[in-house]
$ cat model.cif   # mmCIF, N, CA and C atoms
data_entry
loop_
_atom_site.label_atom_id
_atom_site.label_comp_id
_atom_site.auth_asym_id
_atom_site.auth_seq_id
_atom_site.Cartn_x
_atom_site.Cartn_y
_atom_site.Cartn_z
N MET A 12 0.83 -1.20 0.00
CA MET A 12 0.00 0.00 0.00
C MET A 12 0.87 1.26 0.00
N ARG A 13 2.00 1.19 0.68
CA ARG A 13 2.87 2.36 0.75
C ARG A 13 3.32 2.81 -0.65
N ALA A 14 3.74 1.88 -1.49
CA ALA A 14 4.20 2.25 -2.84
C ALA A 14 3.08 2.90 -3.63
N GLY A 15 1.87 2.38 -3.50
CA GLY A 15 0.73 2.97 -4.19
C GLY A 15 0.44 4.37 -3.69
N ARG A 16 0.56 4.57 -2.39
CA ARG A 16 0.32 5.89 -1.81
C ARG A 16 1.36 6.89 -2.29
N GLU A 17 2.63 6.48 -2.31
CA GLU A 17 3.70 7.37 -2.78
C GLU A 17 3.46 7.76 -4.23
N ARG A 18 3.04 6.81 -5.06
CA ARG A 18 2.79 7.11 -6.47
C ARG A 18 1.67 8.14 -6.58
N THR A 19 0.61 7.97 -5.81
CA THR A 19 -0.52 8.89 -5.85
C THR A 19 -0.09 10.28 -5.41
N VAL A 20 0.73 10.35 -4.36
CA VAL A 20 1.19 11.64 -3.85
C VAL A 20 2.03 12.35 -4.91
N THR A 21 2.99 11.66 -5.52
CA THR A 21 3.83 12.32 -6.51
C THR A 21 3.06 12.70 -7.76
N GLU A 22 2.07 11.92 -8.11
CA GLU A 22 1.28 12.27 -9.29
C GLU A 22 0.37 13.46 -9.02
N ASN A 23 0.00 13.66 -7.76
CA ASN A 23 -0.94 14.72 -7.43
C ASN A 23 -0.28 16.05 -7.10
N VAL A 24 1.01 16.07 -6.85
CA VAL A 24 1.69 17.31 -6.50
C VAL A 24 1.80 18.17 -7.76
N GLY A 25 0.98 19.19 -7.83
CA GLY A 25 1.01 20.10 -8.97
C GLY A 25 0.61 19.44 -10.27
N GLY A 26 0.07 18.24 -10.22
CA GLY A 26 -0.31 17.54 -11.44
C GLY A 26 0.87 16.95 -12.19
N PHE A 27 2.03 16.89 -11.56
CA PHE A 27 3.24 16.40 -12.21
C PHE A 27 3.77 15.17 -11.49
N GLY A 28 4.48 14.33 -12.20
CA GLY A 28 5.23 13.24 -11.59
C GLY A 28 6.55 13.80 -11.09
N ASP A 29 7.48 12.91 -10.77
CA ASP A 29 8.79 13.36 -10.31
C ASP A 29 9.47 14.17 -11.40
N PRO A 30 10.14 15.26 -11.01
CA PRO A 30 10.85 16.08 -12.01
C PRO A 30 12.09 15.35 -12.53
N SER A 31 12.53 15.78 -13.69
CA SER A 31 13.74 15.20 -14.28
C SER A 31 14.96 15.66 -13.50
N ALA A 32 16.06 14.97 -13.70
CA ALA A 32 17.32 15.34 -13.06
C ALA A 32 17.73 16.76 -13.48
N GLU A 33 17.45 17.10 -14.73
CA GLU A 33 17.80 18.44 -15.23
C GLU A 33 17.01 19.52 -14.50
N VAL A 34 15.72 19.30 -14.33
CA VAL A 34 14.88 20.27 -13.62
C VAL A 34 15.33 20.40 -12.17
N LEU A 35 15.64 19.28 -11.53
CA LEU A 35 16.12 19.32 -10.15
C LEU A 35 17.44 20.08 -10.04
N ALA A 36 18.33 19.90 -11.01
CA ALA A 36 19.61 20.60 -10.99
C ALA A 36 19.42 22.11 -11.15
N VAL A 37 18.53 22.50 -12.04
CA VAL A 37 18.25 23.93 -12.23
C VAL A 37 17.62 24.53 -10.97
N ALA A 38 16.67 23.80 -10.37
CA ALA A 38 16.04 24.27 -9.13
C ALA A 38 17.07 24.38 -8.01
N ALA A 39 17.94 23.40 -7.89
CA ALA A 39 18.97 23.43 -6.84
C ALA A 39 19.89 24.63 -7.03
N ALA A 40 20.24 24.93 -8.27
CA ALA A 40 21.09 26.09 -8.55
C ALA A 40 20.38 27.39 -8.16
N ALA A 41 19.11 27.49 -8.49
CA ALA A 41 18.34 28.70 -8.14
C ALA A 41 18.23 28.83 -6.62
N PHE A 42 17.90 27.73 -5.95
CA PHE A 42 17.81 27.79 -4.49
C PHE A 42 19.18 28.07 -3.88
N GLY A 43 20.23 27.58 -4.51
CA GLY A 43 21.59 27.86 -4.03
C GLY A 43 21.89 29.35 -4.07
N LEU A 44 21.47 30.01 -5.12
CA LEU A 44 21.64 31.46 -5.20
C LEU A 44 20.85 32.18 -4.12
N LEU A 45 19.66 31.67 -3.81
CA LEU A 45 18.81 32.29 -2.80
C LEU A 45 19.27 31.95 -1.38
N ALA A 46 20.26 31.07 -1.24
CA ALA A 46 20.77 30.72 0.08
C ALA A 46 21.61 31.85 0.68
N SER A 47 21.97 32.82 -0.11
CA SER A 47 22.70 33.99 0.37
C SER A 47 21.70 35.00 0.94
N SER A 48 21.91 35.41 2.18
CA SER A 48 20.98 36.37 2.77
C SER A 48 21.00 37.69 2.02
N ALA A 49 22.14 38.08 1.47
CA ALA A 49 22.21 39.33 0.69
C ALA A 49 21.36 39.23 -0.58
N ARG A 50 21.49 38.11 -1.30
CA ARG A 50 20.70 37.95 -2.53
C ARG A 50 19.22 37.79 -2.21
N LEU A 51 18.93 37.10 -1.12
CA LEU A 51 17.52 36.94 -0.73
C LEU A 51 16.92 38.29 -0.35
N HIS A 52 17.70 39.14 0.30
CA HIS A 52 17.23 40.49 0.64
C HIS A 52 16.95 41.28 -0.65
N LEU A 53 17.81 41.15 -1.63
CA LEU A 53 17.59 41.82 -2.92
C LEU A 53 16.32 41.29 -3.58
N MET A 54 16.13 39.99 -3.54
CA MET A 54 14.92 39.41 -4.13
C MET A 54 13.68 39.90 -3.39
N TRP A 55 13.77 40.01 -2.06
CA TRP A 55 12.63 40.53 -1.28
C TRP A 55 12.33 41.96 -1.73
N ALA A 56 13.37 42.78 -1.82
CA ALA A 56 13.17 44.17 -2.24
C ALA A 56 12.56 44.24 -3.63
N LEU A 57 13.05 43.42 -4.55
CA LEU A 57 12.53 43.43 -5.91
C LEU A 57 11.13 42.82 -6.00
N SER A 58 10.77 41.97 -5.04
CA SER A 58 9.41 41.43 -5.04
C SER A 58 8.40 42.51 -4.68
N GLN A 59 8.89 43.61 -4.11
CA GLN A 59 8.03 44.74 -3.76
C GLN A 59 7.91 45.73 -4.91
N GLY A 60 8.83 45.63 -5.88
CA GLY A 60 8.78 46.52 -7.04
C GLY A 60 10.17 46.72 -7.63
N GLU A 61 10.20 47.19 -8.85
CA GLU A 61 11.47 47.38 -9.55
C GLU A 61 12.30 48.48 -8.91
N SER A 62 13.61 48.43 -9.17
CA SER A 62 14.51 49.41 -8.58
C SER A 62 15.84 49.41 -9.32
N ASP A 63 16.57 50.50 -9.20
CA ASP A 63 17.91 50.53 -9.76
C ASP A 63 18.91 50.10 -8.68
N VAL A 64 20.14 49.86 -9.10
CA VAL A 64 21.15 49.30 -8.21
C VAL A 64 21.47 50.24 -7.04
N THR A 65 21.45 51.54 -7.27
CA THR A 65 21.76 52.50 -6.20
C THR A 65 20.72 52.43 -5.09
N HIS A 66 19.45 52.43 -5.46
CA HIS A 66 18.39 52.34 -4.46
C HIS A 66 18.40 50.98 -3.76
N LEU A 67 18.69 49.92 -4.51
CA LEU A 67 18.78 48.60 -3.89
C LEU A 67 19.92 48.55 -2.88
N ALA A 68 21.07 49.11 -3.23
CA ALA A 68 22.21 49.12 -2.31
C ALA A 68 21.86 49.88 -1.03
N ASP A 69 21.19 51.01 -1.18
CA ASP A 69 20.75 51.78 -0.01
C ASP A 69 19.77 50.98 0.83
N ARG A 70 18.83 50.33 0.17
CA ARG A 70 17.78 49.60 0.89
C ARG A 70 18.34 48.41 1.66
N VAL A 71 19.22 47.65 1.05
CA VAL A 71 19.73 46.44 1.71
C VAL A 71 21.00 46.69 2.51
N GLY A 72 21.53 47.92 2.43
CA GLY A 72 22.72 48.25 3.20
C GLY A 72 23.99 47.62 2.67
N GLY A 73 24.04 47.42 1.37
CA GLY A 73 25.21 46.80 0.76
C GLY A 73 26.02 47.80 -0.04
N ALA A 74 27.27 47.45 -0.26
CA ALA A 74 28.13 48.27 -1.11
C ALA A 74 27.68 48.12 -2.56
N LEU A 75 27.73 49.19 -3.30
CA LEU A 75 27.27 49.20 -4.69
C LEU A 75 27.92 48.10 -5.54
N PRO A 76 29.24 47.91 -5.49
CA PRO A 76 29.84 46.84 -6.31
C PRO A 76 29.34 45.44 -5.92
N ALA A 77 29.17 45.20 -4.63
CA ALA A 77 28.70 43.89 -4.17
C ALA A 77 27.26 43.65 -4.62
N VAL A 78 26.42 44.66 -4.50
CA VAL A 78 25.02 44.54 -4.93
C VAL A 78 24.97 44.30 -6.43
N SER A 79 25.80 44.99 -7.19
CA SER A 79 25.86 44.79 -8.64
C SER A 79 26.24 43.35 -8.98
N GLN A 80 27.20 42.80 -8.25
CA GLN A 80 27.62 41.41 -8.50
C GLN A 80 26.50 40.43 -8.16
N HIS A 81 25.81 40.66 -7.05
CA HIS A 81 24.69 39.79 -6.68
C HIS A 81 23.60 39.84 -7.75
N LEU A 82 23.30 41.05 -8.21
CA LEU A 82 22.27 41.20 -9.25
C LEU A 82 22.68 40.51 -10.55
N ALA A 83 23.95 40.59 -10.88
CA ALA A 83 24.45 39.93 -12.09
C ALA A 83 24.25 38.41 -11.99
N LYS A 84 24.52 37.84 -10.82
CA LYS A 84 24.33 36.40 -10.63
C LYS A 84 22.84 36.03 -10.72
N LEU A 85 22.00 36.83 -10.08
CA LEU A 85 20.56 36.57 -10.13
C LEU A 85 20.03 36.70 -11.55
N LYS A 86 20.59 37.64 -12.29
CA LYS A 86 20.17 37.84 -13.68
C LYS A 86 20.61 36.67 -14.56
N LEU A 87 21.84 36.20 -14.37
CA LEU A 87 22.33 35.06 -15.14
C LEU A 87 21.50 33.81 -14.87
N ALA A 88 21.00 33.68 -13.65
CA ALA A 88 20.16 32.53 -13.29
C ALA A 88 18.73 32.69 -13.79
N GLY A 89 18.39 33.86 -14.32
CA GLY A 89 17.04 34.08 -14.82
C GLY A 89 16.04 34.44 -13.73
N LEU A 90 16.52 34.75 -12.53
CA LEU A 90 15.62 35.11 -11.44
C LEU A 90 15.21 36.57 -11.50
N VAL A 91 16.06 37.42 -12.05
CA VAL A 91 15.71 38.83 -12.24
C VAL A 91 16.04 39.23 -13.67
N ARG A 92 15.44 40.32 -14.09
CA ARG A 92 15.72 40.89 -15.41
C ARG A 92 16.04 42.36 -15.21
N SER A 93 16.48 43.00 -16.27
CA SER A 93 16.76 44.44 -16.18
C SER A 93 16.45 45.10 -17.50
N ARG A 94 16.29 46.41 -17.40
CA ARG A 94 16.11 47.21 -18.62
C ARG A 94 16.81 48.54 -18.37
N ARG A 95 17.19 49.16 -19.45
CA ARG A 95 17.88 50.44 -19.35
C ARG A 95 16.86 51.56 -19.44
N GLU A 96 16.99 52.51 -18.51
CA GLU A 96 16.20 53.75 -18.55
C GLU A 96 17.19 54.90 -18.49
N GLY A 97 17.54 55.41 -19.66
CA GLY A 97 18.57 56.45 -19.72
C GLY A 97 19.90 55.87 -19.27
N ARG A 98 20.46 56.43 -18.21
CA ARG A 98 21.74 55.94 -17.70
C ARG A 98 21.56 54.89 -16.61
N ARG A 99 20.33 54.67 -16.18
CA ARG A 99 20.07 53.72 -15.10
C ARG A 99 19.71 52.34 -15.63
N GLN A 100 20.14 51.33 -14.91
CA GLN A 100 19.73 49.96 -15.17
C GLN A 100 18.70 49.63 -14.09
N VAL A 101 17.47 49.32 -14.51
CA VAL A 101 16.39 49.04 -13.58
C VAL A 101 16.19 47.53 -13.53
N TYR A 102 16.19 46.98 -12.31
CA TYR A 102 16.04 45.54 -12.10
C TYR A 102 14.63 45.22 -11.63
N PHE A 103 14.14 44.04 -12.03
CA PHE A 103 12.81 43.61 -11.64
C PHE A 103 12.72 42.10 -11.73
N ILE A 104 11.73 41.54 -11.05
CA ILE A 104 11.44 40.12 -11.15
C ILE A 104 10.29 39.99 -12.15
N ASP A 105 10.53 39.24 -13.20
CA ASP A 105 9.56 39.12 -14.27
C ASP A 105 8.65 37.89 -14.14
N ASP A 106 8.88 37.09 -13.11
CA ASP A 106 8.13 35.85 -12.94
C ASP A 106 7.29 35.93 -11.66
N PRO A 107 5.96 36.00 -11.80
CA PRO A 107 5.11 36.13 -10.61
C PRO A 107 5.24 34.95 -9.65
N ASP A 108 5.62 33.77 -10.16
CA ASP A 108 5.81 32.63 -9.27
C ASP A 108 7.03 32.82 -8.37
N VAL A 109 8.08 33.44 -8.89
CA VAL A 109 9.26 33.73 -8.07
C VAL A 109 8.90 34.76 -7.01
N VAL A 110 8.14 35.77 -7.38
CA VAL A 110 7.68 36.77 -6.41
C VAL A 110 6.89 36.09 -5.29
N THR A 111 5.98 35.20 -5.67
CA THR A 111 5.17 34.48 -4.68
C THR A 111 6.05 33.64 -3.77
N LEU A 112 6.99 32.92 -4.34
CA LEU A 112 7.89 32.07 -3.55
C LEU A 112 8.63 32.89 -2.50
N VAL A 113 9.22 34.00 -2.91
CA VAL A 113 9.98 34.85 -1.99
C VAL A 113 9.06 35.44 -0.92
N ARG A 114 7.93 35.95 -1.33
CA ARG A 114 7.00 36.57 -0.37
C ARG A 114 6.46 35.57 0.65
N VAL A 115 6.11 34.37 0.19
CA VAL A 115 5.57 33.37 1.10
C VAL A 115 6.64 32.94 2.11
N MET A 116 7.83 32.63 1.63
CA MET A 116 8.90 32.18 2.52
C MET A 116 9.26 33.24 3.55
N ILE A 117 9.54 34.44 3.10
CA ILE A 117 9.92 35.52 4.02
C ILE A 117 8.75 35.88 4.92
N GLY A 118 7.56 35.93 4.37
CA GLY A 118 6.38 36.26 5.16
C GLY A 118 6.14 35.26 6.28
N GLN A 119 6.23 33.97 5.97
CA GLN A 119 6.02 32.94 6.98
C GLN A 119 7.09 33.00 8.07
N LEU A 120 8.33 33.19 7.69
CA LEU A 120 9.40 33.27 8.69
C LEU A 120 9.28 34.53 9.54
N THR A 121 8.80 35.61 8.95
CA THR A 121 8.58 36.84 9.71
C THR A 121 7.50 36.62 10.76
N VAL A 122 6.41 35.99 10.37
CA VAL A 122 5.32 35.71 11.32
C VAL A 122 5.84 34.82 12.45
N ARG A 123 6.59 33.79 12.09
CA ARG A 123 7.14 32.89 13.11
C ARG A 123 8.06 33.62 14.07
N SER A 124 8.86 34.54 13.54
CA SER A 124 9.80 35.26 14.40
C SER A 124 9.08 36.19 15.37
N GLN A 125 7.85 36.58 15.03
CA GLN A 125 7.08 37.48 15.88
C GLN A 125 6.24 36.73 16.91
N GLN A 126 6.20 35.42 16.79
CA GLN A 126 5.44 34.60 17.74
C GLN A 126 6.42 33.98 18.73
N ALA A 127 6.20 34.21 19.99
CA ALA A 127 7.11 33.69 21.02
C ALA A 127 7.14 32.17 21.03
N SER A 128 6.05 31.52 20.66
CA SER A 128 5.98 30.06 20.74
C SER A 128 6.69 29.37 19.58
N ALA A 129 7.04 30.09 18.52
CA ALA A 129 7.67 29.46 17.36
C ALA A 129 8.80 30.33 16.83
N PRO A 130 9.94 30.38 17.54
CA PRO A 130 11.04 31.23 17.07
C PRO A 130 11.63 30.72 15.75
N VAL A 131 12.23 31.63 15.01
CA VAL A 131 12.90 31.26 13.77
C VAL A 131 14.15 30.49 14.14
N ARG A 132 14.35 29.32 13.50
CA ARG A 132 15.51 28.51 13.76
C ARG A 132 16.20 28.21 12.45
N LEU A 133 17.52 28.09 12.52
CA LEU A 133 18.25 27.65 11.34
C LEU A 133 17.95 26.20 11.10
N LEU A 134 17.83 25.83 9.83
CA LEU A 134 17.63 24.43 9.49
C LEU A 134 18.94 23.71 9.68
N HIS A 135 18.89 22.47 10.10
CA HIS A 135 20.10 21.67 10.27
C HIS A 135 20.80 21.51 8.93
N GLY A 136 22.12 21.66 8.97
CA GLY A 136 22.90 21.45 7.77
C GLY A 136 22.94 22.63 6.83
N THR A 137 22.48 23.80 7.28
CA THR A 137 22.51 24.96 6.41
C THR A 137 23.57 25.92 6.87
N GLY A 138 24.07 26.68 5.96
CA GLY A 138 25.02 27.73 6.30
C GLY A 138 24.27 28.99 6.63
N GLY A 139 24.96 30.11 6.68
CA GLY A 139 24.33 31.37 7.03
C GLY A 139 24.04 32.11 5.87
#
$ encode --input "model.cif" --output "C-alpha cells"
Amino acid sequence: MRAGRERTVTENVGGFGDPSAEVLAVAAAAFGLLASSARLHLMWALSQGESDVTHLADRVGGALPAVSQHLAKLKLAGLVRSRREGRRQVYFIDDPDVVTLVRVMIGQLTVRSQQASAPVRLLHGTGG
C-alpha cells in the first residue's frame, strides 16, 4: 500500500510526476543562489517593485559593487531581469511565481519570528 500511496502523492503534486534530473539541478542552482541572505534580501526588495542598483544598495545596506555582483548572478540565473532607462539599469522580477515564492517564505518566517511560541531557527545542515 505504501508504494501505491507514494505514487498517488507524486502524481498529485502540482499535477506532475517526479521532475527530471535536469529540472532538479536547475532548481537546486536557483535555491543555491537564494541561500545567500544578501541575494535573498535583494529578491525581497525586488518582489516589492522594480529598482535601480543605487536604491537597492541603499535599501539592503550593501556596497554598490557587491550589490551589482549579486544582481548579475541573479540575472544570469534568470531570477531577475533588467532594462535600461537612460543611464540607469532598472532591475525587476519578471516571474510572478518567483515573487510568490519569496513573499511566502519571508512572510512565513517573519510571522514565526514574531510569535514567542515558534522562534525562527536555522535548518540543520545549512550555512548562514
$ resolve_selection --input "model.cif" --expression "the PyMOL selection byres ((chain A and resi 86-103) around 6)" --output "ChimeraX atom specification"
/A:57,60-64,81-85,104-105
$ closest_residue --input "model.cif" --among "A:Leu35, A:Leu44, A:Met54, A:Ala49" --to "Arg114 of chain A" --atoms "all atoms listed in the file"
A:Met54
$ atom_distance --input "model.cif" --atom1 "atom C of Asp29 of chain A" --atom2 "atom C of Ala46 of chain A"
24.6 Å
$ atom_distance --input "model.cif" --atom1 "atom N of Pro107 of chain A" --atom2 "atom CA of Ser58 of chain A"
9.3 Å
$ residues_near_point --input "model.cif" --point "(10.8, 35.4, -3.7)" --cutoff "10 Å" --atoms "only C-alpha atoms" --output "ChimeraX atom specification"
/A:45,51-59,90,104,106-118
$ atom_distance --input "model.cif" --atom1 "atom N of Leu75 of chain A" --atom2 "atom C of Gly43 of chain A"
20.7 Å
$ closest_residue --input "model.cif" --among "A:Ala38, A:Ala68, A:Ala32, A:Val78" --to "Arg50 of chain A" --atoms "only C-alpha atoms"
A:Val78
